[in-house]
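Participant: Below you'll find the structure I mean.
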4 protein chains.
Amino acid sequence: MTRKPIVAVVGAATVTEDIADIAYDVGQSIARAGWNLLCGGGQGVMLAACRGFAEARQLESQVAVGILPSDDADFANEYVDVAIPTGLGWARNAVVARAGDAMIAVAGGSGTLSELAYAWQMQKPIVVMGDSGGWSAELAGRCLDDRRRDPVLSAATGSEAAALLEKTFGR
Amino acid sequence: MTRKPIVAVVGAATVTEDIADIAYDVGQSIARAGWNLLCGGGQGVMLAACRGFAEARQLESQVAVGILPSDDADFANEYVDVAIPTGLGWARNAVVARAGDAMIAVAGGSGTLSELAYAWQMQKPIVVMGDSGGWSAELAGRCLDDRRRDPVLSAATGSEAAALLEKTFGR
Amino acid sequence: MTRKPIVAVVGAATVTEDIADIAYDVGQSIARAGWNLLCGGGQGVMLAACRGFAEARQLESQVAVGILPSDDADFANEYVDVAIPTGLGWARNAVVARAGDAMIAVAGGSGTLSELAYAWQMQKPIVVMGDSGGWSAELAGRCLDDRRRDPVLSAATGSEAAALLEKTFGR
Amino acid sequence: MTRKPIVAVVGAATVTEDIADIAYDVGQSIARAGWNLLCGGGQGVMLAACRGFAEARQLESQVAVGILPSDDADFANEYVDVAIPTGLGWARNAVVARAGDAMIAVAGGSGTLSELAYAWQMQKPIVVMGDSGGWSAELAGRCLDDRRRDPVLSAATGSEAAALLEKTFGR
């Protein structure tokens, strides 16, 4: 299988500039690693990550995928290459977690929390940006329950997050 | 509309006897309030709550509904009156949260956490059994993000949980 | 397992009085058989079937369940006893087909067609009201593909439909 | 918006060589039109379409997306560039229909029928390969119900199918 790894980036749709900067850095690092990016396709962390990804893309074939809750692709941010409007409402959070080979979280409220909880339940490697606040900061270094022994990993920069995931991808 | 309120009970599928006792008490209190009960339809907290519900039912028309992740109703516990096998896998957690008029959580790991996060995001009244451990204990009294000002409520007994919900149902 | 069989009734949300009468008859027959009724929870065929069910109920414990596409239970018709707003949009058609032990269709357009196709794919017994027009009339007696040898059954009355299902339930 | 149109290709997972050839031709034509391809990610029509797409790709940035029913990306065929394992079971058929800007069907049994019914319900342009048999042949030129006046279009070749869609995309 030569498919590129695809990393889900999750976080709030409304963010401060500082948090957007962290998400942008995460998107760039995913691009530089040669991976694809997956997200909820919306604004805030999602938009900033997609923008960073678009600007640091190494290969034309790298894509940012947006898995939208809406019926309509027009809700995707402008840096989403492939929009998947699911029409599933918030149940799309389960699809975001399921479809990523790993998850990186930036800040985040209850929507992000559901995605982190799913990623944990689905045995996905998880890295949170430990300095970004919200549920990312709160869950850094923790085990969400006793089904796994590997804690939620924490990174300070996008490149550190990518390096942590690179290890879990066994390369 | 004369439909009975329906309360979602969430919690882990594998539990200690102490936690099962709390879930049983919760199920009884929902029954005594004259409501319907909704859950994931499985074992552990779900089974204990359904059993308490079945044994304290006031009306023949009160039902325990199990929203299952599986394709097959046979995974429902024996106290589920109406089994809804969704075939959706863990995305059914979104349906459990959406379909309840309110949520009561007992203990719980990452699966329960995703359901609590959803219930918060969906503006549902939430009561956790504060002494049951797990994510219920951890989230008692908290706001999961700033979209709501009403914290996660905490109760020590099933009847206290029901009384808290009765207030939110505006009676 | 002593759970009542649950039969999914599908059909269009906008119908003529003649078609509503057929759906009403189907709902009555499900009630008289002692089963539960499942439907999409909306208007037209769904409302008429739920009304027939409500008026012919044999046991207080028999319920009409509405699996709604919407986020909100208020879209359920007034004869739905248990409303399950899924928030899944049209993907709820898959849940309607999956959760029924069998399906009865009355007339129907493309939404009903997706439910019939799913029920076939999921190996559920299917009865269509052969004189009701729409996709029900068109698929009566047919095999939708070669994965099953038992054709879509056709009935002229609700009691005939119930009798056909009774046989498939092995009683 | 500069996102490429994305066309859903649907059809059976088990096919004859003749039908695979038609699907391959469809995939090539989608590629030559400069669009992205979406499918269920599996075998049969899906694999053949993805292979044709891969071999006729005009731009590195064109991708074949597979929306899988499974929990695991490993079920994707080898020509899928972006695998989206949804974990939703057959409810993923709703996502396939929703996420495509249009649908092309090749032959097909009940699974394909549910996707065609959804695409109709969701107001998507639909082209069937009229000579491919199955539900594609049967629905060619038809209106599935009275909510739309534009019938299911029929094409004899992939390039004809692409030309028909090009018109609906308003170019």
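Identifiers for the structure tokens are assigned positionally: chains receive A, B, ... in sequence, residues are indexed from 1 per chain, and ligands are indexed from 1 in the order shown.
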Quick one: residues within 7 Å of B:Val96, only C-alpha atoms, excluding same-chain residues fewer than 2 positions away - as a ChimeraX atom specification?
Facilitator: /B:8,39-40,67,92-94,98-100
Participant: As an NGL selection string, list the residues of chain D assigned to helix (DSSP H, G or I) by DSSP on the backbone atoms of this structure.
Facilitator: :D and (17-32 or 45-56 or 73-75 or 89-99 or 110-121 or 134-139 or 158-168)
Participant: Can I get the selection written as an mmCIF file, in the first residue's frame, with C-alpha atoms?
Facilitator:
data_model
loop_
_atom_site.group_PDB
_atom_site.id
_atom_site.type_symbol
_atom_site.label_atom_id
_atom_site.label_comp_id
_atom_site.auth_asym_id
_atom_site.auth_seq_id
_atom_site.Cartn_x
_atom_site.Cartn_y
_atom_site.Cartn_z
ATOM 1 C CA GLU D 17 -15.096 -8.307 -17.327
ATOM 2 C CA ASP D 18 -17.446 -6.438 -19.668
ATOM 3 C CA ILE D 19 -18.850 -4.350 -16.861
ATOM 4 C CA ALA D 20 -15.378 -3.733 -15.460
ATOM 5 C CA ASP D 21 -14.372 -2.418 -18.899
ATOM 6 C CA ILE D 22 -17.262 0.061 -18.840
ATOM 7 C CA ALA D 23 -16.291 1.198 -15.336
ATOM 8 C CA TYR D 24 -12.660 1.558 -16.411
ATOM 9 C CA ASP D 25 -13.767 3.754 -19.315
ATOM 10 C CA VAL D 26 -15.861 5.866 -16.951
ATOM 11 C CA GLY D 27 -12.895 6.330 -14.634
ATOM 12 C CA GLN D 28 -10.689 7.387 -17.529
ATOM 13 C CA SER D 29 -13.227 9.937 -18.698
ATOM 14 C CA ILE D 30 -13.533 11.474 -15.247
ATOM 15 C CA ALA D 31 -9.761 11.758 -15.159
ATOM 16 C CA ARG D 32 -9.575 13.322 -18.619
ATOM 17 C CA VAL D 45 -16.938 -1.348 -10.539
ATOM 18 C CA MET D 46 -15.195 0.726 -7.884
ATOM 19 C CA LEU D 47 -11.772 -0.816 -8.511
ATOM 20 C CA ALA D 48 -12.093 -0.672 -12.289
ATOM 21 C CA ALA D 49 -13.157 2.977 -12.222
ATOM 22 C CA CYS D 50 -10.292 3.903 -9.884
ATOM 23 C CA ARG D 51 -7.814 2.074 -12.123
ATOM 24 C CA GLY D 52 -9.037 3.850 -15.239
ATOM 25 C CA PHE D 53 -8.847 7.118 -13.335
ATOM 26 C CA ALA D 54 -5.288 6.433 -12.133
ATOM 27 C CA GLU D 55 -4.089 5.612 -15.630
ATOM 28 C CA ALA D 56 -5.631 8.647 -17.322
ATOM 29 C CA ALA D 73 -8.694 1.684 5.301
ATOM 30 C CA ASP D 74 -7.181 -1.659 4.312
ATOM 31 C CA PHE D 75 -10.433 -2.562 2.577
ATOM 32 C CA GLY D 89 -21.768 0.250 7.374
ATOM 33 C CA TRP D 90 -24.239 0.711 4.519
ATOM 34 C CA ALA D 91 -25.204 4.153 5.785
ATOM 35 C CA ARG D 92 -22.069 5.179 3.924
ATOM 36 C CA ASN D 93 -24.136 4.911 0.739
ATOM 37 C CA ALA D 94 -25.835 8.139 1.817
ATOM 38 C CA VAL D 95 -22.426 9.806 2.167
ATOM 39 C CA VAL D 96 -21.294 8.615 -1.274
ATOM 40 C CA ALA D 97 -24.399 10.153 -2.836
ATOM 41 C CA ARG D 98 -24.211 13.343 -0.784
ATOM 42 C CA ALA D 99 -20.515 13.990 -1.329
ATOM 43 C CA SER D 110 -29.547 -3.251 -4.502
ATOM 44 C CA GLY D 111 -26.580 -1.347 -3.025
ATOM 45 C CA THR D 112 -26.240 0.696 -6.191
ATOM 46 C CA LEU D 113 -30.005 1.164 -6.238
ATOM 47 C CA SER D 114 -29.919 2.754 -2.787
ATOM 48 C CA GLU D 115 -27.186 5.120 -3.998
ATOM 49 C CA LEU D 116 -29.124 6.060 -7.134
ATOM 50 C CA ALA D 117 -32.276 6.643 -5.090
ATOM 51 C CA TYR D 118 -30.320 8.886 -2.714
ATOM 52 C CA ALA D 119 -28.699 10.843 -5.546
ATOM 53 C CA TRP D 120 -32.150 11.455 -6.997
ATOM 54 C CA GLN D 121 -33.534 12.532 -3.636
ATOM 55 C CA GLY D 134 -28.666 -4.031 -13.696
ATOM 56 C CA TRP D 135 -30.369 -0.999 -12.162
ATOM 57 C CA SER D 136 -28.400 1.342 -14.437
ATOM 58 C CA ALA D 137 -30.111 -0.083 -17.507
ATOM 59 C CA GLU D 138 -33.456 -0.182 -15.795
ATOM 60 C CA LEU D 139 -33.480 3.417 -14.623
ATOM 61 C CA GLY D 158 -17.469 7.298 -20.485
ATOM 62 C CA SER D 159 -16.767 10.319 -22.617
ATOM 63 C CA GLU D 160 -20.458 10.697 -23.347
ATOM 64 C CA ALA D 161 -21.204 10.483 -19.612
ATOM 65 C CA ALA D 162 -18.582 13.147 -18.891
ATOM 66 C CA ALA D 163 -19.982 15.378 -21.635
ATOM 67 C CA LEU D 164 -23.473 15.108 -20.137
ATOM 68 C CA LEU D 165 -22.160 16.049 -16.701
ATOM 69 C CA GLU D 166 -20.057 18.874 -18.101
ATOM 70 C CA LYS D 167 -23.289 20.466 -19.288
ATOM 71 C CA THR D 168 -24.937 20.156 -15.882
#
Participant: Using only C-alpha atoms, tabulate the residues of chain B lying at most 7 Å from any atom of chain C, each with its closest atom pair and that distance in Å to one decimal, by chain and increasing residue number, as JSON lines.
Facilitator:
{"residue": "B:Met1", "atom": "CA", "partner": "C:Glu78", "partner_atom": "CA", "distance": 6.8}
{"residue": "B:Arg3", "atom": "CA", "partner": "C:Asp81", "partner_atom": "CA", "distance": 5.9}
{"residue": "B:Glu60", "atom": "CA", "partner": "C:Ser61", "partner_atom": "CA", "distance": 5.0}
{"residue": "B:Ser61", "atom": "CA", "partner": "C:Ser61", "partner_atom": "CA", "distance": 4.4}
{"residue": "B:Asp71", "atom": "CA", "partner": "C:Arg98", "partner_atom": "CA", "distance": 6.7}
{"residue": "B:Glu78", "atom": "CA", "partner": "C:Met1", "partner_atom": "CA", "distance": 6.8}
{"residue": "B:Asp81", "atom": "CA", "partner": "C:Arg3", "partner_atom": "CA", "distance": 5.9}
{"residue": "B:Ile84", "atom": "CA", "partner": "C:Ala99", "partner_atom": "CA", "distance": 4.9}
{"residue": "B:Pro85", "atom": "CA", "partner": "C:Ala99", "partner_atom": "CA", "distance": 5.1}
{"residue": "B:Thr86", "atom": "CA", "partner": "C:Val95", "partner_atom": "CA", "distance": 5.1}
{"residue": "B:Gly87", "atom": "CA", "partner": "C:Arg98", "partner_atom": "CA", "distance": 6.9}
{"residue": "B:Val95", "atom": "CA", "partner": "C:Thr86", "partner_atom": "CA", "distance": 5.1}
{"residue": "B:Arg98", "atom": "CA", "partner": "C:Thr86", "partner_atom": "CA", "distance": 6.1}
{"residue": "B:Ala99", "atom": "CA", "partner": "C:Ile84", "partner_atom": "CA", "distance": 4.9}
Participant: Only N, CA, C and O atoms, please: the residues just picked out, written as a PDB file, in the first residue's frame.
Facilitator:
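Saved file result.pdb follows:
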ATOM      1  N   MET B   1     -48.185  17.931  22.699  1.00  0.00           N
ATOM      2  CA  MET B   1     -47.382  16.705  22.634  1.00  0.00           C
ATOM      3  C   MET B   1     -47.427  15.982  23.988  1.00  0.00           C
ATOM      4  O   MET B   1     -47.094  16.536  25.016  1.00  0.00           O
ATOM      5  N   ARG B   3     -45.929  12.958  24.363  1.00  0.00           N
ATOM      6  CA  ARG B   3     -44.882  11.932  24.435  1.00  0.00           C
ATOM      7  C   ARG B   3     -44.136  12.047  25.748  1.00  0.00           C
ATOM      8  O   ARG B   3     -43.848  13.144  26.220  1.00  0.00           O
ATOM      9  N   GLU B  60     -47.246   0.270  31.757  1.00  0.00           N
ATOM     10  CA  GLU B  60     -46.873  -0.684  30.708  1.00  0.00           C
ATOM     11  C   GLU B  60     -46.286   0.023  29.495  1.00  0.00           C
ATOM     12  O   GLU B  60     -45.506  -0.551  28.745  1.00  0.00           O
ATOM     13  N   SER B  61     -46.708   1.269  29.293  1.00  0.00           N
ATOM     14  CA  SER B  61     -46.287   1.975  28.077  1.00  0.00           C
ATOM     15  C   SER B  61     -44.896   2.597  28.180  1.00  0.00           C
ATOM     16  O   SER B  61     -44.408   3.184  27.220  1.00  0.00           O
ATOM     17  N   ASP B  71     -25.183  -4.330  13.737  1.00  0.00           N
ATOM     18  CA  ASP B  71     -26.195  -4.594  12.706  1.00  0.00           C
ATOM     19  C   ASP B  71     -27.354  -5.413  13.253  1.00  0.00           C
ATOM     20  O   ASP B  71     -28.386  -5.541  12.587  1.00  0.00           O
ATOM     21  N   GLU B  78     -31.067  -8.013  27.798  1.00  0.00           N
ATOM     22  CA  GLU B  78     -32.393  -8.627  27.902  1.00  0.00           C
ATOM     23  C   GLU B  78     -33.475  -7.695  28.447  1.00  0.00           C
ATOM     24  O   GLU B  78     -34.661  -8.027  28.385  1.00  0.00           O
ATOM     25  N   ASP B  81     -36.503  -3.010  25.771  1.00  0.00           N
ATOM     26  CA  ASP B  81     -37.822  -3.293  25.186  1.00  0.00           C
ATOM     27  C   ASP B  81     -37.832  -3.073  23.683  1.00  0.00           C
ATOM     28  O   ASP B  81     -38.483  -3.791  22.940  1.00  0.00           O
ATOM     29  N   ILE B  84     -32.828  -0.886  18.678  1.00  0.00           N
ATOM     30  CA  ILE B  84     -32.601  -0.197  17.397  1.00  0.00           C
ATOM     31  C   ILE B  84     -31.157  -0.464  16.976  1.00  0.00           C
ATOM     32  O   ILE B  84     -30.254   0.327  17.274  1.00  0.00           O
ATOM     33  N   PRO B  85     -30.908  -1.587  16.313  1.00  0.00           N
ATOM     34  CA  PRO B  85     -29.550  -1.807  15.811  1.00  0.00           C
ATOM     35  C   PRO B  85     -29.316  -0.844  14.652  1.00  0.00           C
ATOM     36  O   PRO B  85     -30.076  -0.858  13.682  1.00  0.00           O
ATOM     37  N   THR B  86     -28.322   0.024  14.785  1.00  0.00           N
ATOM     38  CA  THR B  86     -28.141   1.080  13.779  1.00  0.00           C
ATOM     39  C   THR B  86     -27.170   0.678  12.676  1.00  0.00           C
ATOM     40  O   THR B  86     -27.214   1.251  11.587  1.00  0.00           O
ATOM     41  N   GLY B  87     -26.251  -0.234  12.983  1.00  0.00           N
ATOM     42  CA  GLY B  87     -25.204  -0.549  12.012  1.00  0.00           C
ATOM     43  C   GLY B  87     -24.205   0.572  11.818  1.00  0.00           C
ATOM     44  O   GLY B  87     -23.390   0.524  10.902  1.00  0.00           O
ATOM     45  N   VAL B  95     -26.152   9.548  17.998  1.00  0.00           N
ATOM     46  CA  VAL B  95     -27.599   9.344  17.997  1.00  0.00           C
ATOM     47  C   VAL B  95     -28.122   9.215  19.429  1.00  0.00           C
ATOM     48  O   VAL B  95     -29.179   9.747  19.764  1.00  0.00           O
ATOM     49  N   ARG B  98     -28.246  12.705  20.752  1.00  0.00           N
ATOM     50  CA  ARG B  98     -29.241  13.519  20.057  1.00  0.00           C
ATOM     51  C   ARG B  98     -30.662  13.127  20.442  1.00  0.00           C
ATOM     52  O   ARG B  98     -31.545  13.980  20.592  1.00  0.00           O
ATOM     53  N   ALA B  99     -30.893  11.832  20.605  1.00  0.00           N
ATOM     54  CA  ALA B  99     -32.267  11.349  20.784  1.00  0.00           C
ATOM     55  C   ALA B  99     -32.774  11.483  22.215  1.00  0.00           C
ATOM     56  O   ALA B  99     -33.982  11.415  22.448  1.00  0.00           O
TER      57      ALA B  99
END
Participant: For A:Pro151, find every residue with an atom within 6 Å (counting only C-alpha atoms), except residues of its own chain fewer than 3 positions away, and show them as an NGL selection string.
Facilitator: :A and (141-143)
Participant: I need the strand (DSSP E or B) residues of chain D per DSSP on the backbone, written as a PyMOL selection string.
Facilitator: chain D and resi 6-11+36-39+64-68+82-85+102-106+126-129+153-155
Participant: Could you tell me how far atom CA of A:Gly130 lies from atom CA of A:Arg57, in Å and to one decimal?
Facilitator: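 Calculated distance between atom CA of A:Gly130 and atom CA of A:Arg57 is 24.7 Å.
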